[in-house]
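The file query.pdb contains PDB, C-alpha atoms, pLDDT in the B column:
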MODEL        1
ATOM      1  CA  MET P 250     -21.205   6.882 -46.424  1.00 50.00           C
ATOM      2  CA  PHE P 251     -23.123   3.913 -45.020  1.00 46.00           C
ATOM      3  CA  ILE P 252     -20.179   2.970 -42.772  1.00 56.00           C
ATOM      4  CA  GLN P 253     -19.845   6.534 -41.434  1.00 54.00           C
ATOM      5  CA  ARG P 254     -23.578   6.734 -40.673  1.00 50.00           C
ATOM      6  CA  PHE P 255     -23.515   3.319 -38.997  1.00 44.00           C
ATOM      7  CA  THR P 256     -20.487   4.373 -36.904  1.00 47.00           C
ATOM      8  CA  ASN P 257     -22.215   7.592 -35.777  1.00 50.00           C
ATOM      9  CA  GLN P 258     -25.334   5.657 -34.729  1.00 50.00           C
ATOM     10  CA  LEU P 259     -23.225   3.106 -32.888  1.00 44.00           C
ATOM     11  CA  ILE P 260     -21.414   5.858 -30.966  1.00 50.00           C
ATOM     12  CA  LEU P 261     -24.750   7.498 -30.097  1.00 42.00           C
ATOM     13  CA  PHE P 262     -26.291   4.243 -28.797  1.00 46.00           C
ATOM     14  CA  ALA P 263     -23.140   3.361 -26.844  1.00 48.00           C
ATOM     15  CA  GLY P 264     -23.201   6.797 -25.204  1.00 47.00           C
ATOM     16  CA  LEU P 265     -26.860   6.396 -24.247  1.00 43.00           C
ATOM     17  CA  ALA P 266     -26.212   2.940 -22.841  1.00 47.00           C
ATOM     18  CA  PHE P 267     -23.387   4.114 -20.566  1.00 45.00           C
ATOM     19  CA  ALA P 268     -24.950   7.415 -19.440  1.00 43.00           C
ATOM     20  CA  PRO P 269     -27.116   5.891 -16.633  1.00 45.00           C
ATOM     21  CA  VAL P 270     -24.103   3.947 -15.359  1.00 42.00           C
ATOM     22  CA  VAL P 271     -22.144   7.167 -14.866  1.00 40.00           C
ATOM     23  CA  PHE P 272     -24.981   8.785 -12.897  1.00 45.00           C
ATOM     24  CA  ALA P 273     -25.587   5.654 -10.831  1.00 45.00           C
ATOM     25  CA  ALA P 274     -21.909   5.436  -9.924  1.00 44.00           C
ATOM     26  CA  ASP P 275     -22.026   8.992  -8.572  1.00 61.00           C
ATOM     27  CA  LEU P 276     -24.935   8.165  -6.232  1.00 79.00           C
ATOM     28  CA  VAL P 277     -23.334   5.584  -3.985  1.00 88.00           C
ATOM     29  CA  PRO P 278     -25.636   4.438  -1.160  1.00 90.00           C
ATOM     30  CA  THR P 279     -25.091   6.144   2.192  1.00 90.00           C
ATOM     31  CA  LYS P 280     -24.298   3.708   5.009  1.00 94.00           C
ATOM     32  CA  VAL P 281     -24.882   4.522   8.676  1.00 93.00           C
ATOM     33  CA  GLU P 282     -23.574   1.975  11.188  1.00 95.00           C
ATOM     34  CA  TYR P 283     -24.942   1.124  14.654  1.00 94.00           C
ATOM     35  CA  GLN P 284     -23.744  -1.230  17.408  1.00 95.00           C
ATOM     36  CA  HIS P 285     -25.713  -2.497  20.402  1.00 92.00           C
ATOM     37  CA  ALA P 286     -24.321  -5.003  22.931  1.00 90.00           C
ATOM     38  CA  GLU P 287     -25.843  -4.370  26.359  1.00 89.00           C
ATOM     39  CA  GLU P 288     -25.074  -7.155  28.859  1.00 89.00           C
ATOM     40  CA  ALA P 289     -28.649  -7.492  30.104  1.00 89.00           C
ATOM     41  CA  GLY P 290     -30.096  -7.240  26.621  1.00 91.00           C
ATOM     42  CA  GLY P 291     -31.840  -4.212  25.329  1.00 92.00           C
ATOM     43  CA  LYS P 292     -34.194  -2.572  22.925  1.00 93.00           C
ATOM     44  CA  GLY P 293     -34.623   0.860  21.508  1.00 95.00           C
ATOM     45  CA  SER P 294     -34.776   2.894  18.352  1.00 95.00           C
ATOM     46  CA  ASP P 295     -32.314   4.783  16.196  1.00 95.00           C
ATOM     47  CA  VAL P 296     -33.551   7.824  14.274  1.00 94.00           C
ATOM     48  CA  ILE P 297     -31.613   8.960  11.226  1.00 93.00           C
ATOM     49  CA  LYS P 298     -32.095  12.441   9.794  1.00 93.00           C
ATOM     50  CA  LEU P 299     -31.298  12.012   6.109  1.00 92.00           C
ATOM     51  CA  THR P 300     -28.713  14.184   4.375  1.00 89.00           C
ATOM     52  CA  ALA P 301     -28.404  13.934   0.597  1.00 88.00           C
ATOM     53  CA  PRO P 302     -24.948  13.151  -0.813  1.00 88.00           C
ATOM     54  CA  LYS P 303     -25.507  15.595  -3.719  1.00 85.00           C
ATOM     55  CA  ALA P 304     -27.635  18.667  -4.317  1.00 83.00           C
ATOM     56  CA  CYS P 305     -30.012  16.951  -6.761  1.00 86.00           C
ATOM     57  CA  ALA P 306     -30.371  13.660  -4.873  1.00 90.00           C
ATOM     58  CA  VAL P 307     -33.644  12.530  -3.297  1.00 90.00           C
ATOM     59  CA  PHE P 308     -34.436   9.532  -1.089  1.00 92.00           C
ATOM     60  CA  ASP P 309     -35.229   6.300  -2.930  1.00 93.00           C
ATOM     61  CA  ASP P 310     -35.204   3.399  -0.453  1.00 94.00           C
ATOM     62  CA  ALA P 311     -33.413   1.968   2.583  1.00 95.00           C
ATOM     63  CA  ARG P 312     -32.582  -1.450   3.965  1.00 96.00           C
ATOM     64  CA  ILE P 313     -30.870  -3.103   6.939  1.00 97.00           C
ATOM     65  CA  VAL P 314     -27.542  -4.900   6.385  1.00 96.00           C
ATOM     66  CA  TYR P 315     -26.310  -6.936   9.374  1.00 96.00           C
ATOM     67  CA  THR P 316     -22.563  -7.048  10.026  1.00 95.00           C
ATOM     68  CA  LYS P 317     -22.882  -9.017  13.312  1.00 93.00           C
ATOM     69  CA  ARG P 318     -26.059 -10.467  14.702  1.00 93.00           C
ATOM     70  CA  ARG P 319     -26.486 -12.668  17.751  1.00 92.00           C
ATOM     71  CA  TYR P 320     -29.934 -13.071  19.331  1.00 93.00           C
ATOM     72  CA  GLY P 321     -31.194  -9.782  17.976  1.00 94.00           C
ATOM     73  CA  GLN P 322     -32.887  -7.982  15.145  1.00 96.00           C
ATOM     74  CA  ALA P 323     -33.491  -4.537  13.687  1.00 96.00           C
ATOM     75  CA  ASN P 324     -36.415  -3.365  11.561  1.00 96.00           C
ATOM     76  CA  ILE P 325     -37.147  -0.144   9.710  1.00 96.00           C
ATOM     77  CA  VAL P 326     -40.461   1.022  11.175  1.00 97.00           C
ATOM     78  CA  SER P 327     -40.822   4.342   9.390  1.00 95.00           C
ATOM     79  CA  LYS P 328     -39.172   5.879   6.388  1.00 93.00           C
ATOM     80  CA  PRO P 329     -39.982   8.855   4.183  1.00 92.00           C
ATOM     81  CA  ALA P 330     -41.776   8.454   0.893  1.00 90.00           C
ATOM     82  CA  SER P 331     -39.660   7.789  -2.155  1.00 89.00           C
ATOM     83  CA  GLY P 332     -38.621  11.122  -3.642  1.00 88.00           C
ATOM     84  CA  CYS P 333     -38.353  12.935  -0.298  1.00 89.00           C
ATOM     85  CA  ASN P 334     -35.913  15.825  -0.656  1.00 87.00           C
ATOM     86  CA  PRO P 335     -33.850  16.262   2.543  1.00 88.00           C
ATOM     87  CA  ALA P 336     -32.987  19.847   1.568  1.00 82.00           C
ATOM     88  CA  GLY P 337     -36.627  20.906   1.308  1.00 74.00           C
ATOM     89  CA  GLY P 338     -38.182  19.032   4.198  1.00 72.00           C
ATOM     90  CA  GLN P 339     -37.620  16.709   7.057  1.00 83.00           C
ATOM     91  CA  CYS P 340     -36.773  13.235   5.875  1.00 90.00           C
ATOM     92  CA  LYS P 341     -36.281  10.882   8.804  1.00 93.00           C
ATOM     93  CA  LEU P 342     -35.919   7.150   9.061  1.00 94.00           C
ATOM     94  CA  GLU P 343     -36.530   5.153  12.265  1.00 96.00           C
ATOM     95  CA  VAL P 344     -35.123   1.723  13.096  1.00 97.00           C
ATOM     96  CA  LYS P 345     -36.363  -0.295  16.085  1.00 97.00           C
ATOM     97  CA  TRP P 346     -33.898  -2.837  17.448  1.00 96.00           C
ATOM     98  CA  GLU P 347     -33.692  -5.399  20.230  1.00 95.00           C
ATOM     99  CA  HIS P 348     -31.381  -8.149  21.406  1.00 94.00           C
ATOM    100  CA  GLU P 349     -31.399 -10.766  24.160  1.00 94.00           C
ATOM    101  CA  PRO P 350     -28.919 -10.992  27.059  1.00 93.00           C
ATOM    102  CA  ALA P 351     -25.523 -12.166  25.797  1.00 88.00           C
ATOM    103  CA  GLY P 352     -26.564 -10.951  22.360  1.00 91.00           C
ATOM    104  CA  ARG P 353     -25.141  -8.285  20.149  1.00 92.00           C
ATOM    105  CA  LEU P 354     -26.314  -6.410  17.132  1.00 94.00           C
ATOM    106  CA  ASN P 355     -24.194  -4.563  14.583  1.00 95.00           C
ATOM    107  CA  TYR P 356     -25.986  -3.305  11.509  1.00 96.00           C
ATOM    108  CA  GLN P 357     -25.830  -0.717   8.779  1.00 96.00           C
ATOM    109  CA  VAL P 358     -28.719   1.217   7.341  1.00 96.00           C
ATOM    110  CA  GLU P 359     -28.052   1.443   3.614  1.00 96.00           C
ATOM    111  CA  ILE P 360     -29.804   4.458   2.118  1.00 95.00           C
ATOM    112  CA  ASN P 361     -30.257   4.566  -1.653  1.00 95.00           C
ATOM    113  CA  TRP P 362     -30.642   7.825  -3.560  1.00 94.00           C
ATOM    114  CA  LYS P 363     -31.856   8.820  -7.011  1.00 92.00           C
ATOM    115  CA  LEU P 364     -31.422  11.977  -9.045  1.00 89.00           C
ATOM    116  CA  GLN P 365     -34.218  14.505  -8.968  1.00 83.00           C
ATOM    117  CA  SER P 366     -35.839  14.921 -12.370  1.00 76.00           C
ATOM    118  CA  SER P 367     -35.897  18.737 -12.175  1.00 75.00           C
ATOM    119  CA  CYS P 368     -32.085  19.086 -11.920  1.00 72.00           C
TER
ENDMDL
END

Would it be possible to restate this file's structure as structure tokens?
Amino acid sequence: MFIQRFTNQLILFAGLAFAPVVFAADLVPTKVEYQHAEEAGGKGSDVIKLTAPKACAVFDDARIVYTKRRYGQANIVSKPASGCNPAGGQCKLEVKWEHEPAGRLNYQVEINWKLQSSC
């Protein structure tokens, strides 16, 4: 009896430990890629209207990941509050970028999502 009870508790705790991993694997970050390589250099902004990968997903955070960078940079200047639901409102993210002549800038905006608590 003790062994059966111990086994049931072990199965329960193992299931609870792996449950967040399953949900996290479903919410893979969205990646949007941009390239800028004007000969005379340049600067500007890229605006991203967020679209959730799943019905119950809300915005969590975003970051810049450079794939190629030569004499340039990109910065997130505005992003929605954590928990912004793209289905219910306008969730936009703005990135300002610039690069020098003979420079180039390739970057991805990695957008992380989390599950909405009401789903």

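Going from CA of Phe308 (chain P) over to CA of Gly332 (chain P), you cover 5.2 Å.
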
Any idea what's packed within 12 Å of Tyr320 (chain P), counting all atoms listed in the file, ignoring anything in its chain fewer than 6 positions away? Could you give it as a list in words?
His285, Ala286, Glu287, Gly290, Gly291, Lys292, Trp346, Glu347, His348, Glu349, Pro350, Ala351, Gly352, Arg353, Leu354 and Asn355 of chain P

Output the selection as a short mmCIF file (atom, residue, chain, number, x, y, z; two decimals), in the coordinates of the input - C-alpha atoms for each residue.
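Saved file result_14.cif follows:
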data_model
loop_
_atom_site.label_atom_id
_atom_site.label_comp_id
_atom_site.auth_asym_id
_atom_site.auth_seq_id
_atom_site.Cartn_x
_atom_site.Cartn_y
_atom_site.Cartn_z
CA HIS P 285 -25.71 -2.50 20.40
CA ALA P 286 -24.32 -5.00 22.93
CA GLU P 287 -25.84 -4.37 26.36
CA GLY P 290 -30.10 -7.24 26.62
CA GLY P 291 -31.84 -4.21 25.33
CA LYS P 292 -34.19 -2.57 22.92
CA TRP P 346 -33.90 -2.84 17.45
CA GLU P 347 -33.69 -5.40 20.23
CA HIS P 348 -31.38 -8.15 21.41
CA GLU P 349 -31.40 -10.77 24.16
CA PRO P 350 -28.92 -10.99 27.06
CA ALA P 351 -25.52 -12.17 25.80
CA GLY P 352 -26.56 -10.95 22.36
CA ARG P 353 -25.14 -8.28 20.15
CA LEU P 354 -26.31 -6.41 17.13
CA ASN P 355 -24.19 -4.56 14.58
#

Please evaluate the PyMOL selection byres ((chain P and resi 274-283) around 9) against the displayed coordinates and give the resulting residues as a ChimeraX atom specification.
/P:269-273,284-285,295,297,301-303,306,311,354-364

Writing out the chosen residues with C-alpha atoms as a compact mmCIF listing (two decimals), in the frame of the given file:
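Result file is result08.txt:
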# COMPACT_ATOMS: atom_id res chain seq x y z
CA PRO P 269 -27.12 5.89 -16.63
CA VAL P 270 -24.10 3.95 -15.36
CA VAL P 271 -22.14 7.17 -14.87
CA PHE P 272 -24.98 8.78 -12.90
CA ALA P 273 -25.59 5.65 -10.83
CA GLN P 284 -23.74 -1.23 17.41
CA HIS P 285 -25.71 -2.50 20.40
CA ASP P 295 -32.31 4.78 16.20
CA ILE P 297 -31.61 8.96 11.23
CA ALA P 301 -28.40 13.93 0.60
CA PRO P 302 -24.95 13.15 -0.81
CA LYS P 303 -25.51 15.60 -3.72
CA ALA P 306 -30.37 13.66 -4.87
CA ALA P 311 -33.41 1.97 2.58
CA LEU P 354 -26.31 -6.41 17.13
CA ASN P 355 -24.19 -4.56 14.58
CA TYR P 356 -25.99 -3.30 11.51
CA GLN P 357 -25.83 -0.72 8.78
CA VAL P 358 -28.72 1.22 7.34
CA GLU P 359 -28.05 1.44 3.61
CA ILE P 360 -29.80 4.46 2.12
CA ASN P 361 -30.26 4.57 -1.65
CA TRP P 362 -30.64 7.82 -3.56
CA LYS P 363 -31.86 8.82 -7.01
CA LEU P 364 -31.42 11.98 -9.04

For the atom pair CA of Gln339 (chain P) and CA of Asn324 (chain P), what is the interatomic distance in Å to one decimal place?
20.6 Å

Using CA of Thr300 (chain P) and CA of Lys341 (chain P) as the two end points, give the distance in Å to one decimal.
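Interatomic distance here is 9.4 Å.
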
Name the closest residue to Lys328 (chain P) among the candidates P:Val296, P:Ala289, P:Cys305, P:Val314; distances are taken between atoms, counting all atoms listed in the file.
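So, comparing all the options, the nearest one is P:Val296.
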
Take the PyMOL selection byres ((chain P and resi 329) around 7), run it mentally on this structure, and tell me the resulting residues as a ChimeraX atom specification.
/P:327-328,330-331,333,340-342

Taking all atoms of region 329-334 of chain P that the file lists, what box with edges along x, y and z, padded by 3 Å per side, do you get, with centre and edge lengths in Å to one decimal, as lines of an AutoDock Vina configuration file?
center_x = -38.8
center_y = 11.8
center_z = 0.3
size_x = 11.9
size_y = 14.0
size_z = 13.8
